[in-house]
file target_21.cif (mmCIF, C-alpha atoms)
data_data
loop_
_atom_site.label_atom_id
_atom_site.label_comp_id
_atom_site.auth_asym_id
_atom_site.auth_seq_id
_atom_site.Cartn_x
_atom_site.Cartn_y
_atom_site.Cartn_z
CA MET Z 16 11.27 28.33 19.57
CA LYS Z 17 11.88 24.99 21.19
CA VAL Z 18 12.78 21.66 19.66
CA ILE Z 19 10.24 18.87 20.10
CA GLU Z 20 11.47 15.38 19.26
CA LEU Z 21 8.80 13.28 17.61
CA HIS Z 22 10.34 10.23 15.91
CA LYS Z 23 6.98 9.46 14.36
CA SER Z 24 6.63 7.49 11.18
CA VAL Z 25 4.91 9.48 8.45
CA THR Z 26 2.31 6.74 8.16
CA ASP Z 27 1.54 6.86 11.91
CA SER Z 28 -1.78 8.73 11.77
CA ASN Z 29 -2.89 6.65 8.79
CA ASP Z 30 -2.01 3.40 10.57
CA ARG Z 31 -4.19 4.35 13.53
CA ASP Z 32 -7.03 5.35 11.23
CA ALA Z 33 -6.67 2.02 9.37
CA ASP Z 34 -6.90 0.03 12.62
CA ARG Z 35 -10.09 1.90 13.55
CA LEU Z 36 -11.64 1.20 10.15
CA ARG Z 37 -10.68 -2.50 10.39
CA ALA Z 38 -12.40 -2.74 13.77
CA GLU Z 39 -15.55 -1.06 12.39
CA MET Z 40 -15.68 -3.46 9.44
CA LYS Z 41 -15.18 -6.40 11.78
CA LYS Z 42 -18.11 -5.25 13.88
CA ALA Z 43 -20.25 -4.84 10.76
CA GLY Z 44 -19.21 -8.34 9.58
CA VAL Z 45 -17.98 -7.02 6.24
CA LEU Z 46 -14.70 -8.36 4.86
CA LEU Z 47 -12.86 -5.54 3.10
CA ILE Z 48 -10.29 -6.59 0.51
CA ASN Z 49 -7.63 -4.23 -0.80
CA LEU Z 50 -6.99 -5.31 -4.38
CA MET Z 51 -3.71 -4.01 -5.78
CA SER Z 52 -1.89 -4.40 -9.10
CA SER Z 53 -0.38 -2.49 -11.98
CA PRO Z 54 -2.68 -0.92 -14.59
CA GLY Z 55 -4.07 -3.42 -17.05
CA SER Z 56 -3.50 -6.56 -14.96
CA GLY Z 57 -7.18 -7.43 -15.18
CA LYS Z 58 -8.53 -6.23 -11.82
CA THR Z 59 -11.93 -5.24 -13.15
CA THR Z 60 -12.22 -8.37 -15.31
CA LEU Z 61 -11.35 -10.55 -12.31
CA LEU Z 62 -13.99 -8.73 -10.25
CA GLY Z 63 -16.58 -9.38 -12.97
CA ALA Z 64 -15.79 -13.10 -12.97
CA THR Z 65 -15.76 -13.14 -9.15
CA ILE Z 66 -19.20 -11.48 -8.94
CA LYS Z 67 -20.56 -14.08 -11.39
CA GLY Z 68 -18.81 -16.94 -9.58
CA MET Z 69 -20.21 -15.98 -6.15
CA PRO Z 70 -23.93 -15.39 -6.83
CA ASP Z 71 -24.96 -15.80 -3.18
CA THR Z 72 -22.40 -13.36 -1.84
CA ARG Z 73 -23.35 -9.71 -1.64
CA ILE Z 74 -20.39 -7.86 -3.11
CA ALA Z 75 -19.73 -4.13 -3.16
CA VAL Z 76 -16.87 -2.48 -5.03
CA LEU Z 77 -15.00 0.76 -4.44
CA GLU Z 78 -13.33 1.73 -7.68
CA ALA Z 79 -10.41 4.05 -7.02
CA ASP Z 80 -9.01 5.86 -10.01
CA ILE Z 81 -7.27 9.09 -10.77
CA ASP Z 82 -10.16 9.98 -13.07
CA SER Z 83 -13.21 8.61 -15.00
CA ALA Z 84 -16.08 6.37 -13.90
CA VAL Z 85 -15.82 3.61 -16.50
CA ASP Z 86 -14.97 0.84 -14.02
CA ALA Z 87 -17.77 1.61 -11.54
CA GLU Z 88 -20.31 1.70 -14.37
CA LYS Z 89 -19.11 -1.69 -15.59
CA ILE Z 90 -19.27 -3.24 -12.11
CA ALA Z 91 -22.77 -1.86 -11.51
CA SER Z 92 -23.92 -3.36 -14.81
CA TRP Z 93 -22.82 -6.78 -13.47
CA GLY Z 94 -25.20 -6.42 -10.54
CA ALA Z 95 -22.91 -5.43 -7.68
CA ARG Z 96 -23.05 -2.24 -5.67
CA ALA Z 97 -20.31 0.13 -6.80
CA ILE Z 98 -18.95 3.58 -6.17
CA GLN Z 99 -16.24 5.46 -8.03
CA VAL Z 100 -13.65 7.22 -5.87
CA HIS Z 101 -11.40 9.82 -7.45
CA THR Z 102 -8.06 10.45 -5.81
CA ASP Z 103 -7.44 13.63 -7.81
CA GLY Z 104 -3.95 12.69 -8.90
CA MET Z 105 -2.86 10.82 -5.78
CA CYS Z 106 -1.18 7.50 -6.46
CA HIS Z 107 -2.68 5.45 -3.65
CA MET Z 108 -5.70 5.14 -1.34
CA ASP Z 109 -5.29 5.67 2.40
CA ALA Z 110 -7.59 4.70 5.26
CA GLY Z 111 -9.39 8.07 5.34
CA MET Z 112 -10.26 7.97 1.65
CA THR Z 113 -11.36 4.33 1.95
CA ARG Z 114 -13.68 5.17 4.84
CA GLU Z 115 -15.23 8.06 2.89
CA GLY Z 116 -15.83 5.77 -0.09
CA LEU Z 117 -17.38 3.03 2.05
CA GLU Z 118 -19.65 5.45 3.86
CA GLY Z 119 -20.64 7.16 0.62
CA MET Z 120 -21.61 3.83 -0.92
CA GLY Z 121 -23.12 2.28 2.23
CA TYR Z 122 -22.05 -1.23 3.22
CA GLU Z 123 -24.99 -2.54 5.26
CA GLY Z 124 -25.95 -6.05 4.19
CA VAL Z 125 -22.70 -6.49 2.28
CA ASP Z 126 -20.61 -9.67 2.74
CA LEU Z 127 -17.54 -8.68 0.77
CA ALA Z 128 -16.34 -5.15 -0.01
CA VAL Z 129 -13.53 -4.82 -2.53
CA LEU Z 130 -11.37 -1.75 -2.81
CA GLU Z 131 -9.90 -1.67 -6.29
CA ASN Z 132 -6.81 0.40 -5.53
CA ILE Z 133 -4.99 2.66 -8.00
CA GLY Z 134 -3.03 0.70 -10.61
CA ASN Z 135 0.48 0.93 -9.16
CA LEU Z 136 2.78 -1.61 -7.48
CA ILE Z 137 4.61 0.83 -5.22
CA CYS Z 138 2.79 3.17 -2.83
CA PRO Z 139 -0.48 1.23 -2.40
CA ALA Z 140 1.72 -1.26 -0.50
CA GLU Z 141 2.96 1.46 1.85
CA PHE Z 142 -0.38 2.78 3.05
CA ASP Z 143 -2.69 0.62 5.16
CA THR Z 144 -6.24 1.06 3.90
CA GLY Z 145 -7.88 -0.69 6.83
CA ALA Z 146 -8.61 -3.79 4.76
CA GLY Z 147 -8.89 -7.22 6.39
CA LEU Z 148 -7.16 -8.88 3.46
CA ASN Z 149 -4.56 -7.60 0.98
CA VAL Z 150 -4.59 -9.21 -2.42
CA MET Z 151 -2.39 -8.45 -5.41
CA ILE Z 152 -2.79 -9.44 -9.02
CA LEU Z 153 0.14 -10.08 -11.32
CA SER Z 154 -0.74 -10.80 -14.92
CA ILE Z 155 1.59 -13.16 -16.78
CA THR Z 156 2.17 -10.48 -19.44
CA GLU Z 157 4.03 -8.39 -16.82
CA GLY Z 158 6.78 -11.00 -16.37
CA ASP Z 159 7.96 -13.39 -13.65
CA ASP Z 160 10.59 -10.95 -12.35
CA LYS Z 161 8.14 -8.57 -10.66
CA PRO Z 162 8.73 -9.96 -7.13
CA LEU Z 163 12.35 -8.84 -7.54
CA LYS Z 164 11.35 -5.33 -8.60
CA TYR Z 165 8.47 -4.60 -6.22
CA PRO Z 166 9.28 -6.66 -3.10
CA LEU Z 167 7.12 -4.68 -0.64
CA MET Z 168 3.95 -5.38 -2.64
CA PHE Z 169 4.59 -9.14 -2.41
CA GLU Z 170 5.54 -8.91 1.26
CA THR Z 171 2.34 -7.13 2.31
CA SER Z 172 -0.09 -9.26 0.30
CA ASP Z 173 -1.96 -12.19 1.84
CA ALA Z 174 -2.76 -13.62 -1.57
CA LEU Z 175 -1.30 -13.38 -5.06
CA VAL Z 176 -3.53 -13.89 -8.07
CA ILE Z 177 -1.57 -14.71 -11.22
CA SER Z 178 -3.97 -13.68 -13.98
CA LYS Z 179 -4.33 -14.25 -17.73
CA ILE Z 180 -2.93 -17.81 -17.62
CA ASP Z 181 -4.82 -18.56 -20.84
CA ALA Z 182 -2.07 -16.51 -22.56
CA LEU Z 183 0.79 -18.60 -21.09
CA PRO Z 184 1.67 -20.29 -24.44
CA TYR Z 185 2.46 -16.89 -25.97
CA PHE Z 186 4.73 -15.46 -23.25
CA ASN Z 187 8.00 -16.48 -21.62
CA PHE Z 188 6.51 -16.49 -18.15
CA ASP Z 189 8.08 -19.01 -15.76
CA MET Z 190 5.29 -19.85 -13.29
CA GLU Z 191 7.47 -21.88 -10.92
CA LYS Z 192 10.17 -19.24 -10.78
CA CYS Z 193 7.62 -16.48 -10.15
CA ILE Z 194 5.98 -18.38 -7.27
CA GLU Z 195 9.37 -19.26 -5.79
CA ARG Z 196 10.42 -15.58 -5.89
CA ALA Z 197 7.16 -14.49 -4.27
CA ARG Z 198 7.46 -17.14 -1.53
CA ARG Z 199 11.02 -16.12 -0.77
CA LEU Z 200 9.66 -12.68 0.15
CA ASN Z 201 6.53 -13.96 1.81
CA PRO Z 202 6.47 -17.69 2.74
CA ASP Z 203 2.75 -17.57 3.71
CA ILE Z 204 1.40 -15.97 0.54
CA LYS Z 205 -1.49 -17.90 -1.08
CA VAL Z 206 -1.13 -18.18 -4.83
CA PHE Z 207 -4.01 -18.46 -7.34
CA PRO Z 208 -3.05 -18.85 -11.00
CA LEU Z 209 -6.23 -18.28 -13.00
CA SER Z 210 -7.90 -16.98 -16.11
CA ALA Z 211 -10.99 -14.82 -15.61
CA LYS Z 212 -11.65 -15.27 -19.33
CA THR Z 213 -11.75 -19.10 -19.53
CA GLY Z 214 -12.68 -19.67 -15.87
CA GLU Z 215 -9.65 -21.89 -15.22
CA GLY Z 216 -8.57 -21.59 -11.58
CA MET Z 217 -11.59 -19.43 -10.62
CA GLN Z 218 -13.09 -22.10 -8.35
CA ALA Z 219 -10.05 -22.18 -6.05
CA TRP Z 220 -10.14 -18.37 -5.86
CA THR Z 221 -13.84 -18.10 -4.98
CA ASP Z 222 -13.50 -20.99 -2.48
CA TYR Z 223 -10.71 -19.02 -0.82
CA LEU Z 224 -12.88 -15.88 -0.61
CA HIS Z 225 -15.83 -17.84 0.87
CA GLN Z 226 -13.48 -19.26 3.49
CA GLU Z 227 -11.99 -15.85 4.32
CA ILE Z 228 -15.47 -14.31 4.72
CA ARG Z 229 -16.37 -17.12 7.16
CA ASN Z 230 -13.09 -16.64 9.09
CA TRP Z 231 -13.65 -12.88 9.31
CA ARG Z 232 -17.12 -13.36 10.81
CA GLU Z 233 -16.18 -16.18 13.18
CA ASN Z 234 -13.44 -14.12 14.76
CA SER Z 235 -15.56 -11.02 15.14
CA MET C 7 2.40 12.19 -7.42
CA HIS C 8 3.90 10.04 -4.68
CA GLU C 9 5.58 12.89 -2.79
CA LEU C 10 2.40 14.95 -2.49
CA GLY C 11 0.60 12.01 -0.91
CA ILE C 12 3.30 11.72 1.73
CA VAL C 13 3.31 15.46 2.37
CA THR C 14 -0.42 15.32 3.15
CA HIS C 15 0.29 12.63 5.76
CA VAL C 16 3.10 14.68 7.32
CA ALA C 17 0.84 17.74 7.51
CA LYS C 18 -1.97 15.72 9.08
CA THR C 19 0.36 14.27 11.72
CA LEU C 20 1.79 17.71 12.54
CA ASP C 21 -1.68 19.23 12.87
CA GLU C 22 -2.41 16.58 15.51
CA VAL C 23 0.91 17.19 17.26
CA ALA C 24 0.24 20.94 17.26
CA GLU C 25 -3.13 20.45 18.90
CA GLU C 26 -1.79 18.06 21.54
CA ASN C 27 1.10 20.35 22.46
CA ARG C 28 -0.72 23.70 22.11
CA ILE C 29 1.67 24.79 19.39
CA THR C 30 0.96 28.11 17.68
CA LYS C 31 3.66 28.02 15.02
CA ILE C 32 6.08 25.45 13.60
CA GLY C 33 9.36 26.94 12.36
CA SER C 34 10.97 23.84 10.92
CA VAL C 35 10.35 20.13 10.41
CA THR C 36 13.19 17.62 10.20
CA LEU C 37 12.43 14.46 8.29
CA GLN C 38 14.62 11.37 8.07
CA ILE C 39 14.31 9.82 4.65
CA GLY C 40 15.87 6.51 3.69
CA GLU C 41 18.00 6.37 0.59
CA VAL C 42 15.77 3.70 -0.97
CA SER C 43 12.42 4.95 0.34
CA GLY C 44 11.46 6.02 -3.18
CA ILE C 45 11.06 9.66 -2.20
CA ILE C 46 12.71 12.30 -4.37
CA ASN C 47 13.83 15.01 -1.97
CA ASP C 48 13.58 17.97 -4.36
CA TYR C 49 10.02 17.07 -5.31
CA PHE C 50 9.22 16.51 -1.69
CA VAL C 51 10.35 20.00 -0.65
CA ASP C 52 8.43 21.56 -3.58
CA CYS C 53 5.27 19.72 -2.54
CA TRP C 54 5.82 20.80 1.05
CA ASP C 55 6.19 24.47 0.13
CA TYR C 56 2.97 24.27 -1.86
CA PHE C 57 0.95 22.31 0.67
CA LYS C 58 2.04 23.95 3.94
CA LYS C 59 0.18 27.14 2.99
CA LYS C 60 -3.10 25.31 3.55
CA HIS C 61 -2.25 24.74 7.22
CA PRO C 62 -2.06 27.89 9.42
CA VAL C 63 0.35 26.38 11.92
CA LEU C 64 2.73 25.16 9.19
CA GLN C 65 2.81 28.22 6.94
CA GLU C 66 6.34 29.23 7.84
CA ALA C 67 7.75 25.76 8.44
CA VAL C 68 10.98 24.99 6.62
CA MET C 69 11.47 21.36 5.58
CA LYS C 70 14.87 19.91 6.51
CA ILE C 71 15.81 16.46 5.25
CA GLU C 72 18.32 14.01 6.68
CA ILE C 73 19.22 11.08 4.46
CA ILE C 74 19.60 7.65 6.02
CA PRO C 75 21.95 5.43 3.97
CA ALA C 76 20.57 2.08 2.81
CA VAL C 77 22.26 -1.00 4.28
CA THR C 78 21.53 -4.63 3.44
CA TYR C 79 22.32 -7.66 5.63
CA CYS C 80 23.35 -11.05 4.25
CA GLU C 81 21.97 -14.04 6.15
CA ASP C 82 24.57 -16.42 4.72
CA CYS C 83 27.87 -14.64 5.39
CA ARG C 84 26.41 -12.28 8.02
CA SER C 85 27.94 -9.19 6.54
CA GLU C 86 26.43 -5.80 5.84
CA TYR C 87 26.86 -3.91 2.60
CA GLU C 88 25.74 -0.78 0.72
CA THR C 89 22.35 -1.48 -0.87
CA VAL C 90 22.53 1.16 -3.58
CA LYS C 91 25.88 -0.09 -4.86
CA TYR C 92 25.25 -3.85 -4.81
CA GLY C 93 21.45 -4.38 -4.73
CA LYS C 94 19.89 -7.68 -3.68
CA ILE C 95 22.92 -9.96 -4.19
CA CYS C 96 25.63 -10.00 -1.52
CA PRO C 97 28.97 -8.76 -2.96
CA HIS C 98 30.91 -10.99 -0.53
CA CYS C 99 29.36 -14.43 -1.03
CA LYS C 100 26.88 -13.89 -3.93
CA SER C 101 23.95 -15.01 -1.78
CA GLU C 102 20.41 -13.76 -2.50
CA ARG C 103 19.31 -14.41 1.07
CA THR C 104 19.63 -10.75 2.02
CA TYR C 105 17.36 -8.14 3.50
CA LEU C 106 17.30 -4.40 3.99
CA ILE C 107 18.11 -3.31 7.56
CA GLN C 108 17.86 0.43 7.05
CA GLY C 109 17.19 2.92 4.28
CA ASN C 110 13.42 2.64 3.83
CA GLU C 111 12.49 5.14 6.54
CA CYS C 112 10.25 8.14 6.34
CA THR C 113 10.16 9.52 9.86
CA ILE C 114 9.39 12.91 11.35
CA LYS C 115 12.41 13.33 13.61
CA GLU C 116 11.72 16.67 15.26
CA ILE C 117 10.14 20.07 14.90
CA GLU C 118 11.01 23.54 16.08
CA ALA C 119 7.91 25.14 17.49
CA GLU C 120 6.43 28.00 19.47
CA THR C 121 3.81 27.10 22.07
CA GLU C 122 1.15 29.03 23.92
CA GLU C 123 2.39 30.60 27.14
#
call {"tool": "encode", "arguments": {"input": "target_21.cif", "output": "structure tokens"}}
result
Amino acid sequence: MKVIELHKSVTDSNDRDADRLRAEMKKAGVLLINLMSSPGSGKTTLLGATIKGMPDTRIAVLEADIDSAVDAEKIASWGARAIQVHTDGMCHMDAGMTREGLEGMGYEGVDLAVLENIGNLICPAEFDTGAGLNVMILSITEGDDKPLKYPLMFETSDALVISKIDALPYFNFDMEKCIERARRLNPDIKVFPLSAKTGEGMQAWTDYLHQEIRNWRENS
Amino acid sequence: MHELGIVTHVAKTLDEVAEENRITKIGSVTLQIGEVSGIINDYFVDCWDYFKKKHPVLQEAVMKIEIIPAVTYCEDCRSEYETVKYGKICPHCKSERTYLIQGNECTIKEIEAETEE
């Protein structure tokens, strides 16, 4: 036997696959968003409000879950194209699984594809899915200390949605402190405090998505 | 489980390496794992022993793990300290302007392999 030195990162093959997928999506003119958060932060509810708030944008959703199809059924009932992806116990989506989901669903004619990643603030941040934009949601019920506990998630996200702000009077959530902590990790992160339930802050969020879709196409 | 996901990526990378280098059998794999990478080594080896059986070239491969200690750097007093012991706040000057310089790795360092003649 001989020793072969590799010094390859474990995520190497995934990173290359992710870059290929990003290039394919660029060519197709479809902006793929990787939406990450903990379970129960309101990902599906935000998607529902986003679909309603962007009636002229063709949106498709990849719902990744360990099991069940409840989210995909809900999304489809709101008029968007949706597919449920099961990871069979795996805690994150990688580029290969994302490609399979996109191809299974079909993305021709789509403006915005959203991958709703597994509810988890740790490993989804470690594996590049091939998305053009990484977005994380933090609900105010989770607490303003989360940037301290899950720094990588905040570092890799382009945008941070702070959800459920209609419940602010009932929780000790310090908005300024949370944003300051997030910006210390990632000075360029865009922050959108909003409530999908009351609609407060939704306009700024959908304006941002419209702009990002335009940017993605202009640079393709 | 987190470890199983990473094992699948290691196996995929090694399958590619085996093809490129005309490897017939891998005897051992040495991984460098950072102390704060979030990987639990015992689980990782268990997942490896389960998963390697699905890959002909890896079936007999023993997983060896080298731990890389976690070190944090302080931007204010420019010192380095042990991450696991002190966390985010510098023990020397109490600054929070610190960042991890090593200890988050998950790298395939080397393999022992037999190749085609």
call {"tool": "resolve_selection", "arguments": {"input": "target_21.cif", "expression": "the PyMOL selection byres ((chain Z) within 10 of (chain C))", "output": "list of chain:residue names"}}
result
Z:Met16, Z:Lys17, Z:Val18, Z:Ile19, Z:Glu20, Z:Leu21, Z:His22, Z:Lys23, Z:Ser24, Z:Val25, Z:Thr26, Z:Asp27, Z:Ser28, Z:Asn29, Z:Asp103, Z:Gly104, Z:Met105, Z:Cys106, Z:His107, Z:Met108, Z:Asp109, Z:Ile137, Z:Cys138, Z:Phe142, Z:Leu163, Z:Arg199, Z:Leu200
call {"tool": "closest_residue", "arguments": {"input": "target_21.cif", "among": "C:Tyr87, C:Asp21, C:Lys58, C:Asn110", "to": "Ile45 in chain C", "atoms": "all atoms listed in the file"}}
result
C:Asn110
call {"tool": "resolve_selection", "arguments": {"input": "target_21.cif", "expression": "the PyMOL selection byres ((chain Z and resi 51) around 6)", "output": "list in words"}}
result
Leu50, Ser52, Asn132 and Met151 of chain Z
call {"tool": "atom_distance", "arguments": {"input": "target_21.cif", "atom1": "CA of Gln99 in chain Z", "atom2": "CA of Asp82 in chain Z"}}
result
9.1 Å
call {"tool": "residues_around", "arguments": {"input": "target_21.cif", "residues": "Val45 in chain Z", "least_positions_apart": "2", "cutoff": "9 Å", "atoms": "all atoms listed in the file", "output": "list in words"}}
result
Glu39, Met40, Lys41, Lys42, Ala43, Leu47, Tyr122, Glu123, Gly124, Val125, Asp126, Leu127, Ala128, Ile228, Trp231 and Arg232 of chain Z
call {"tool": "atom_distance", "arguments": {"input": "target_21.cif", "atom1": "CA of Glu115 in chain Z", "atom2": "CA of Pro166 in chain Z"}}
result
29.2 Å
call {"tool": "residues_near_point", "arguments": {"input": "target_21.cif", "point": "(-5.1, 3.3, 5.4)", "cutoff": "8 Å", "atoms": "only C-alpha atoms", "output": "compact mmCIF listing (two decimals) with C-alpha atoms, in the frame of the given file"}}
result
# COMPACT_ATOMS: atom_id res chain seq x y z
CA ASN Z 29 -2.89 6.65 8.79
CA ASP Z 30 -2.01 3.40 10.57
CA ASP Z 32 -7.03 5.35 11.23
CA ALA Z 33 -6.67 2.02 9.37
CA MET Z 108 -5.70 5.14 -1.34
CA ASP Z 109 -5.29 5.67 2.40
CA ALA Z 110 -7.59 4.70 5.26
CA GLY Z 111 -9.39 8.07 5.34
CA MET Z 112 -10.26 7.97 1.65
CA THR Z 113 -11.36 4.33 1.95
CA PHE Z 142 -0.38 2.78 3.05
CA ASP Z 143 -2.69 0.62 5.16
CA THR Z 144 -6.24 1.06 3.90
CA GLY Z 145 -7.88 -0.69 6.83
CA ALA Z 146 -8.61 -3.79 4.76
call {"tool": "atom_distance", "arguments": {"input": "target_21.cif", "atom1": "CA of Ser178 in chain Z", "atom2": "CA of Ala97 in chain Z"}}
result
22.6 Å
call {"tool": "decode", "arguments": {"input": "target_21.cif", "residues": "range 18-94 of chain C", "atoms": "C-alpha atoms", "output": "JSON list (two decimals), in the first residue's frame"}}
result
[["chain", "number", "residue", "atom", "x", "y", "z"],
["C", 18, "LYS", "CA", -18.15, 10.41, -2.55],
["C", 19, "THR", "CA", -14.84, 12.30, -2.62],
["C", 20, "LEU", "CA", -12.85, 9.08, -2.14],
["C", 21, "ASP", "CA", -14.75, 7.32, -4.93],
["C", 22, "GLU", "CA", -13.65, 10.16, -7.23],
["C", 23, "VAL", "CA", -10.06, 9.99, -5.98],
["C", 24, "ALA", "CA", -10.04, 6.21, -6.50],
["C", 25, "GLU", "CA", -11.17, 6.59, -10.09],
["C", 26, "GLU", "CA", -8.64, 9.33, -10.88],
["C", 27, "ASN", "CA", -5.74, 7.38, -9.38],
["C", 28, "ARG", "CA", -6.79, 3.87, -10.51],
["C", 29, "ILE", "CA", -7.04, 2.72, -6.92],
["C", 30, "THR", "CA", -8.34, -0.80, -6.31],
["C", 31, "LYS", "CA", -8.48, -0.75, -2.53],
["C", 32, "ILE", "CA", -8.21, 1.85, 0.24],
["C", 33, "GLY", "CA", -6.72, 0.51, 3.48],
["C", 34, "SER", "CA", -7.08, 3.58, 5.66],
["C", 35, "VAL", "CA", -8.34, 7.15, 5.59],
["C", 36, "THR", "CA", -6.90, 9.85, 7.83],
["C", 37, "LEU", "CA", -9.21, 12.74, 8.59],
["C", 38, "GLN", "CA", -8.28, 15.95, 10.38],
["C", 39, "ILE", "CA", -11.19, 17.14, 12.47],
["C", 40, "GLY", "CA", -11.26, 20.44, 14.30],
["C", 41, "GLU", "CA", -12.10, 20.45, 17.97],
["C", 42, "VAL", "CA", -15.08, 22.77, 17.41],
["C", 43, "SER", "CA", -16.21, 21.39, 14.04],
["C", 44, "GLY", "CA", -19.29, 19.91, 15.70],
["C", 45, "ILE", "CA", -18.38, 16.35, 14.72],
["C", 46, "ILE", "CA", -18.52, 13.66, 17.39],
["C", 47, "ASN", "CA", -15.68, 11.30, 16.56],
["C", 48, "ASP", "CA", -17.21, 8.10, 17.98],
["C", 49, "TYR", "CA", -20.42, 8.62, 16.01],
["C", 50, "PHE", "CA", -18.38, 9.47, 12.97],
["C", 51, "VAL", "CA", -16.43, 6.20, 13.07],
["C", 52, "ASP", "CA", -19.65, 4.21, 13.63],
["C", 53, "CYS", "CA", -21.25, 5.88, 10.62],
["C", 54, "TRP", "CA", -18.12, 5.21, 8.58],
["C", 55, "ASP", "CA", -18.08, 1.51, 9.45],
["C", 56, "TYR", "CA", -21.73, 1.25, 8.43],
["C", 57, "PHE", "CA", -21.48, 3.28, 5.24],
["C", 58, "LYS", "CA", -18.16, 2.06, 3.82],
["C", 59, "LYS", "CA", -19.70, -1.35, 3.07],
["C", 60, "LYS", "CA", -21.72, 0.26, 0.29],
["C", 61, "HIS", "CA", -18.55, 1.25, -1.56],
["C", 62, "PRO", "CA", -16.42, -1.64, -2.94],
["C", 63, "VAL", "CA", -13.16, 0.30, -2.85],
["C", 64, "LEU", "CA", -13.71, 1.43, 0.77],
["C", 65, "GLN", "CA", -14.92, -1.81, 2.32],
["C", 66, "GLU", "CA", -11.75, -2.45, 4.30],
["C", 67, "ALA", "CA", -10.81, 1.17, 4.95],
["C", 68, "VAL", "CA", -10.06, 2.01, 8.58],
["C", 69, "MET", "CA", -10.95, 5.55, 9.66],
["C", 70, "LYS", "CA", -8.17, 7.35, 11.55],
["C", 71, "ILE", "CA", -8.89, 10.72, 13.12],
["C", 72, "GLU", "CA", -6.47, 13.50, 14.02],
["C", 73, "ILE", "CA", -7.86, 16.26, 16.21],
["C", 74, "ILE", "CA", -6.91, 19.84, 15.46],
["C", 75, "PRO", "CA", -7.10, 22.03, 18.59],
["C", 76, "ALA", "CA", -9.29, 25.13, 18.38],
["C", 77, "VAL", "CA", -7.48, 28.47, 18.66],
["C", 78, "THR", "CA", -9.04, 31.93, 18.72],
["C", 79, "TYR", "CA", -7.30, 35.21, 17.83],
["C", 80, "CYS", "CA", -8.04, 38.52, 19.56],
["C", 81, "GLU", "CA", -7.96, 41.56, 17.28],
["C", 82, "ASP", "CA", -7.56, 43.99, 20.18],
["C", 83, "CYS", "CA", -4.63, 42.56, 22.14],
["C", 84, "ARG", "CA", -3.39, 40.36, 19.27],
["C", 85, "SER", "CA", -3.06, 37.27, 21.37],
["C", 86, "GLU", "CA", -4.14, 33.71, 20.71],
["C", 87, "TYR", "CA", -5.98, 31.55, 23.21],
["C", 88, "GLU", "CA", -7.71, 28.18, 23.63],
["C", 89, "THR", "CA", -11.23, 28.44, 22.21],
["C", 90, "VAL", "CA", -12.75, 25.57, 24.16],
["C", 91, "LYS", "CA", -11.60, 26.95, 27.51],
["C", 92, "TYR", "CA", -12.46, 30.64, 27.03],
["C", 93, "GLY", "CA", -15.02, 30.87, 24.19],
["C", 94, "LYS", "CA", -15.72, 34.12, 22.36]]
